[in-house]
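Engineer: Here it is, the structure, as structure tokens.
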Amino acid sequence: MASPLAGVVRLAAASRALLLALSLLSRLLFRPYDTSASLHPPCLLPSPSPNSTTTAANSIASLAVWDGVHFLRAAECGYEYEQSFAFLPLLPASLNLLARSVLAPLVPVLGYRAVLVVSGYVLNNVAFVAAAAYFYRLSVLILKSPSAAYRASVLFCFNPASVFYSSLYSESLYALFSLGGVFYVFTGANTIAMIMLALSGSARSNGALNAGYFCFQALLHAYDAAFQKKQPMLAVQVLVTGFLRSVFVFIPFFAFQAYGYLNICLHGNMEELRPWCKSKVPLLYGFIQSHYWGVGFLRYFQVKQLPNFLLASPVLSLAVYSIVHYTKMLRQLFESNSIHELIVATVEGRSIEAYKSSDVDTVLKSKVSTNVTNKAQGNAVAKRRKSVATETDSNDQIIEVNKDVCPIVVLPFILHLAFMTFTAFFVMHVQVSTRFLSASPPIYWAASHILVSPSSSKRWGNIICAYFIAYILLGSLLFSNFYPFT
């Protein structure tokens with residue numbers, strides 16, 4: 001029997017094939033609303049790479065829509081205009097790398113621009129499959145339930161923002177490095193985690209928020225060092241190390257802002273210095289979002305934007321539900337256990353029951369629930385583990401239904417989601433919430449809980465499934481043809 005992880009990978013690949021088929025079918029059946037993307041004005045500086053004007057090349061290049069046009073332009077021509085710096089460099093750089101290496105033989109046939117588009121579709125769909133694998137592994141690690149993790153992974157594979165993960169957008173790369181980086185934070189591979197989370201910050205600006213996971217990890221280990229191990233100097237060392245790791249995550253984003261400052265403020269050709277260049281903290285990204293897209297606190301609260309609030313309401317509702325759901329579980333956890341016990345048990349990688357008791361049965365259940373095996377145990381213990389393992393599925397169901405287990409490591413996920421939900425609703429263009437929140441694991445964890453919980457009406461599970469399916473179909477139809485969609 002194939003492992004659940006292999007099943008998730010196959011499902012993710014199948015979902016990408018379905019999305020691509022739906023998108024291509026919609027392009028064949030309907031005329032794009034906006035065809036201006038096919039104009040392709042030449043780069044301000046001559047491009048050394050040849051472009052083709054054949055019908056096939058133009059058709060492929062026209063698959064870049066909405067923000068994909070800007071990412072394609074940055075990959076082909078570099079950052080020519082001030083507003084182009086809103087599109088972070090990881091995706092354009094990756095497109096260039098792929099087009100100049102693996103797919104370079106296609107350039108003489110299709111032209112460089114078309115090959116960049118092909119590179120984007122190949123890269124993002126492969127990245128999504130890898131992101132789904134990390135999503136499952138992270139979910140098993142946090143939820144301590146392979147069945148719950150698998151259900152959540154299925155929802156992630158068919159999430160409402162799916163069309164963006166299979167197009168020239170940065171969602172797939174962000175999800176890959178964000179989910180992978182957080183997974184490695186909680187498994188202790190901190191060097192890999194730093195690199196992946198830093199890359200997530202060069203894919204999307206909110207990737208810098210992932211530094212918070214290192215802060216959470218540092219606080220837990222510093223508390224354990226100070227109060228459990230009685231080593232205050234070790235606690236200071238842990239805090240300093242956590243701070244440095246967090247700073248490292250921010251470096252790519254701020255390095256890109258510095259690059260923009262050098263190009264526009266110091267080496268630009270403008271007669272008058274741009275307003276943001278004169279600021280005490282010249283943050284280009286914030287200025288672009290405010291000046292060109294009208295992003296700001298409550299600036300989107302207009303009557304004419306009501307349809308966009310309605311479009312975003314399903315994902316915002318799921319986000320709020322997941323925040324409330326896990327906040328209640330955490331409160332129950334804190335009420336029934338001391339903070340000291342929870343932190344020490346988490347640092348030691350044991351359940352709170354295993355920490356409290358030396359009973360072998362409790363320890364074995366903890367090990368089964370976290371999929372930890374120890375081949376050095378004796379035959380008697382192995383037999384006992386086998387009897388416990390036969391009850392794993394029923395134990396998982398009890399955990400999910402009674403909601404009596406919630407690890408403290410869920411806390412940073414909920415804080416992260418709460419901040420992003422607040423930002424999406426009050427600051428951003430609210431319709432972007434569907435894809436902005438689409439890589440947040442608690443949304444899928446909570447939705448998967450609703451699907452199987454006897455305390456939840458079956459109708460809510462059907463509504464969630466209908467919402468996911470409807471947005472996949474609408475996204476494939478509208479987004480692919482340059483109609484407004486999130």
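Residues are referred to by chain and number: the chain letter is A, B, ... according to the order shown in the structure tokens, the number counts from 1 in that chain, and ligands are numbered separately from 1 in the order shown.
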Can you pull out the residues contacting range 198-204 of chain A? Cut-off 6 Å, using only C-alpha atoms, and skip same-chain residues under 5 positions away; I want them as an MDAnalysis selection string.
Structural biologist: chainID A and resid 88 90 170 174 177:178 249 252:253
Engineer: Per residue of range 190-286 of chain A within 12 Å of range 73-85 of chain A, which atom pair is closest and at what distance in Å (one decimal), using only C-alpha atoms, listed by chain and increasing number, as JSON lines?
Structural biologist:
```
{"residue": "A:Ser202", "atom": "CA", "partner": "A:Phe85", "partner_atom": "CA", "distance": 11.7}
{"residue": "A:Arg204", "atom": "CA", "partner": "A:Phe85", "partner_atom": "CA", "distance": 11.7}
{"residue": "A:Ser205", "atom": "CA", "partner": "A:Phe85", "partner_atom": "CA", "distance": 11.3}
{"residue": "A:Phe253", "atom": "CA", "partner": "A:Phe85", "partner_atom": "CA", "distance": 11.2}
{"residue": "A:Phe256", "atom": "CA", "partner": "A:Phe85", "partner_atom": "CA", "distance": 8.4}
{"residue": "A:Gln257", "atom": "CA", "partner": "A:Phe85", "partner_atom": "CA", "distance": 8.3}
{"residue": "A:Ala258", "atom": "CA", "partner": "A:Phe85", "partner_atom": "CA", "distance": 11.1}
{"residue": "A:Tyr259", "atom": "CA", "partner": "A:Phe85", "partner_atom": "CA", "distance": 9.5}
{"residue": "A:Gly260", "atom": "CA", "partner": "A:Phe85", "partner_atom": "CA", "distance": 7.0}
{"residue": "A:Tyr261", "atom": "CA", "partner": "A:Glu82", "partner_atom": "CA", "distance": 9.9}
{"residue": "A:Leu262", "atom": "CA", "partner": "A:Glu82", "partner_atom": "CA", "distance": 11.8}
{"residue": "A:Asn263", "atom": "CA", "partner": "A:Tyr79", "partner_atom": "CA", "distance": 9.1}
{"residue": "A:Ile264", "atom": "CA", "partner": "A:Glu82", "partner_atom": "CA", "distance": 7.3}
{"residue": "A:Cys265", "atom": "CA", "partner": "A:Glu82", "partner_atom": "CA", "distance": 10.3}
{"residue": "A:Gly268", "atom": "CA", "partner": "A:Glu82", "partner_atom": "CA", "distance": 10.0}
{"residue": "A:Asn269", "atom": "CA", "partner": "A:Tyr81", "partner_atom": "CA", "distance": 11.1}
{"residue": "A:Met270", "atom": "CA", "partner": "A:Glu82", "partner_atom": "CA", "distance": 11.0}
{"residue": "A:Arg274", "atom": "CA", "partner": "A:Glu82", "partner_atom": "CA", "distance": 9.7}
{"residue": "A:Trp276", "atom": "CA", "partner": "A:Glu82", "partner_atom": "CA", "distance": 11.1}
{"residue": "A:Cys277", "atom": "CA", "partner": "A:Glu82", "partner_atom": "CA", "distance": 11.6}
{"residue": "A:Leu283", "atom": "CA", "partner": "A:Phe85", "partner_atom": "CA", "distance": 11.1}
{"residue": "A:Leu284", "atom": "CA", "partner": "A:Phe85", "partner_atom": "CA", "distance": 7.7}
{"residue": "A:Tyr285", "atom": "CA", "partner": "A:Phe85", "partner_atom": "CA", "distance": 7.0}
{"residue": "A:Gly286", "atom": "CA", "partner": "A:Phe85", "partner_atom": "CA", "distance": 10.5}
```
Engineer: Between A:Thr191, A:Ser166, A:Ser480, A:Gln228, which residue has the minimum interatomic distance to Ser246 in chain A, considering only C-alpha atoms?
Structural biologist: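 Comparing A:Thr191, A:Ser166, A:Ser480, A:Gln228 against Ser246 in chain A, the winner is A:Thr191.
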Engineer: Nearest to Val163 in chain A: which of A:Ala447, A:Cys43, A:Ala131, A:Leu24 is it, counting only C-alpha atoms?
Structural biologist: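 Among A:Ala447, A:Cys43, A:Ala131, A:Leu24, it is A:Leu24 that comes nearest to Val163 in chain A.
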Engineer: Could you tell me, as a ChimeraX atom specification, which residues of range 157-325 of chain A DSSP assigns to alpha helix (DSSP H) when given the backbone?
Structural biologist: /A:157,162-165,171-187,190-201,211-223,232-261,284-293,306-325
Engineer: Looking at only C-alpha atoms, which of A:Leu333, A:Leu45, A:Pro441, A:Leu176 is the one that sits closest to Val126 in chain A?
Structural biologist: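 For Val126 in chain A, the nearest of the candidates is A:Leu176.
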Engineer: Could you check the closest approach to Ala189 in chain A for each of A:Ser23, A:Phe214, A:Ser338, A:Ala152 and tell me which residue wins, using only C-alpha atoms?
Structural biologist: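 Checking each of A:Ser23, A:Phe214, A:Ser338, A:Ala152 against Ala189 in chain A, counting only C-alpha atoms, the winner is A:Phe214.
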Engineer: How many Å lie between CA of Arg27 in chain A and CA of Leu310 in chain A, rounded to one decimal?
Structural biologist: 26.1 Å
Engineer: With only C-alpha atoms counted and 10 Å as the cut-off, give the residues of range 154-251 of chain A in contact with range 454-475 of chain A, each with its shortest interatomic distance in Å and the pair that gives it, as JSON lines.
Structural biologist:
```
{"residue": "A:Leu155", "atom": "CA", "partner": "A:Phe468", "partner_atom": "CA", "distance": 8.0}
{"residue": "A:Phe156", "atom": "CA", "partner": "A:Phe468", "partner_atom": "CA", "distance": 9.7}
{"residue": "A:Phe158", "atom": "CA", "partner": "A:Phe468", "partner_atom": "CA", "distance": 6.8}
{"residue": "A:Asn159", "atom": "CA", "partner": "A:Phe468", "partner_atom": "CA", "distance": 5.8}
{"residue": "A:Pro160", "atom": "CA", "partner": "A:Phe468", "partner_atom": "CA", "distance": 4.8}
{"residue": "A:Ala161", "atom": "CA", "partner": "A:Ile472", "partner_atom": "CA", "distance": 7.0}
{"residue": "A:Ser162", "atom": "CA", "partner": "A:Ile472", "partner_atom": "CA", "distance": 6.2}
{"residue": "A:Val163", "atom": "CA", "partner": "A:Gly475", "partner_atom": "CA", "distance": 5.9}
{"residue": "A:Phe164", "atom": "CA", "partner": "A:Gly475", "partner_atom": "CA", "distance": 8.4}
```
Engineer: Write out, as a CSV table (one decimal), in the first residue's frame, the residues just selected, with all heavy atoms.
Structural biologist:
```csv
chain,number,residue,atom,x,y,z
A,155,LEU,N,-7.7,19.2,0.8
A,155,LEU,CA,-8.3,20.5,0.6
A,155,LEU,C,-7.3,21.5,0.1
A,155,LEU,O,-7.6,22.3,-0.8
A,155,LEU,CB,-8.9,21.0,2.0
A,155,LEU,CG,-10.1,20.2,2.5
A,155,LEU,CD1,-10.4,20.7,3.9
A,155,LEU,CD2,-11.3,20.3,1.6
A,156,PHE,N,-6.1,21.4,0.5
A,156,PHE,CA,-5.0,22.3,0.0
A,156,PHE,C,-4.8,22.1,-1.5
A,156,PHE,O,-4.6,23.0,-2.2
A,156,PHE,CB,-3.7,22.1,0.8
A,156,PHE,CG,-2.6,22.9,0.3
A,156,PHE,CD1,-2.6,24.3,0.5
A,156,PHE,CD2,-1.5,22.3,-0.4
A,156,PHE,CE1,-1.5,25.1,0.0
A,156,PHE,CE2,-0.5,23.1,-0.9
A,156,PHE,CZ,-0.5,24.5,-0.7
A,158,PHE,N,-6.9,21.3,-3.7
A,158,PHE,CA,-8.0,21.8,-4.5
A,158,PHE,C,-8.5,23.1,-3.8
A,158,PHE,O,-9.7,23.3,-3.7
A,158,PHE,CB,-9.1,20.8,-4.6
A,158,PHE,CG,-8.7,19.6,-5.3
A,158,PHE,CD1,-8.2,18.4,-4.7
A,158,PHE,CD2,-8.8,19.5,-6.7
A,158,PHE,CE1,-7.9,17.3,-5.4
A,158,PHE,CE2,-8.4,18.4,-7.4
A,158,PHE,CZ,-7.9,17.3,-6.8
A,159,ASN,N,-7.5,23.9,-3.4
A,159,ASN,CA,-7.9,25.1,-2.6
A,159,ASN,C,-8.6,26.2,-3.6
A,159,ASN,O,-8.4,26.1,-4.8
A,159,ASN,CB,-6.7,25.7,-1.9
A,159,ASN,CG,-5.7,26.4,-2.8
A,159,ASN,OD1,-5.9,27.5,-3.3
A,159,ASN,ND2,-4.6,25.7,-3.0
A,160,PRO,N,-9.3,27.1,-3.1
A,160,PRO,CA,-10.0,28.1,-3.9
A,160,PRO,C,-9.1,29.0,-4.8
A,160,PRO,O,-9.6,29.5,-5.8
A,160,PRO,CB,-10.8,28.9,-2.9
A,160,PRO,CG,-11.0,28.1,-1.7
A,160,PRO,CD,-9.7,27.3,-1.7
A,161,ALA,N,-7.9,29.1,-4.4
A,161,ALA,CA,-6.9,29.9,-5.1
A,161,ALA,C,-6.1,29.1,-6.1
A,161,ALA,O,-5.0,29.5,-6.5
A,161,ALA,CB,-6.0,30.7,-4.2
A,162,SER,N,-6.5,27.9,-6.4
A,162,SER,CA,-5.7,26.9,-7.2
A,162,SER,C,-5.2,27.5,-8.5
A,162,SER,O,-4.1,27.2,-8.9
A,162,SER,CB,-6.6,25.7,-7.4
A,162,SER,OG,-6.6,24.8,-6.3
A,163,VAL,N,-6.0,28.3,-9.2
A,163,VAL,CA,-5.6,28.8,-10.5
A,163,VAL,C,-4.4,29.6,-10.4
A,163,VAL,O,-3.5,29.6,-11.3
A,163,VAL,CB,-6.8,29.6,-11.1
A,163,VAL,CG1,-7.0,30.9,-10.4
A,163,VAL,CG2,-6.5,29.8,-12.6
A,164,PHE,N,-4.1,30.3,-9.3
A,164,PHE,CA,-2.9,31.1,-9.1
A,164,PHE,C,-1.7,30.3,-9.0
A,164,PHE,O,-0.6,30.7,-9.3
A,164,PHE,CB,-3.1,32.1,-8.0
A,164,PHE,CG,-4.2,33.0,-8.1
A,164,PHE,CD1,-5.4,32.8,-7.4
A,164,PHE,CD2,-4.1,34.1,-9.0
A,164,PHE,CE1,-6.5,33.7,-7.6
A,164,PHE,CE2,-5.2,35.0,-9.1
A,164,PHE,CZ,-6.3,34.8,-8.4
```
Engineer: Give the answer as one residue: which of A:Met329, A:Val432, A:Val240, A:Ala133 has the shortest atom-to-atom distance to Leu316 in chain A, using only C-alpha atoms?
Structural biologist: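 The closest residue to Leu316 in chain A is A:Val432.
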Engineer: So how far away is CA of Phe248 in chain A from CA of Ala208 in chain A, in Å?
Structural biologist: 9.5 Å
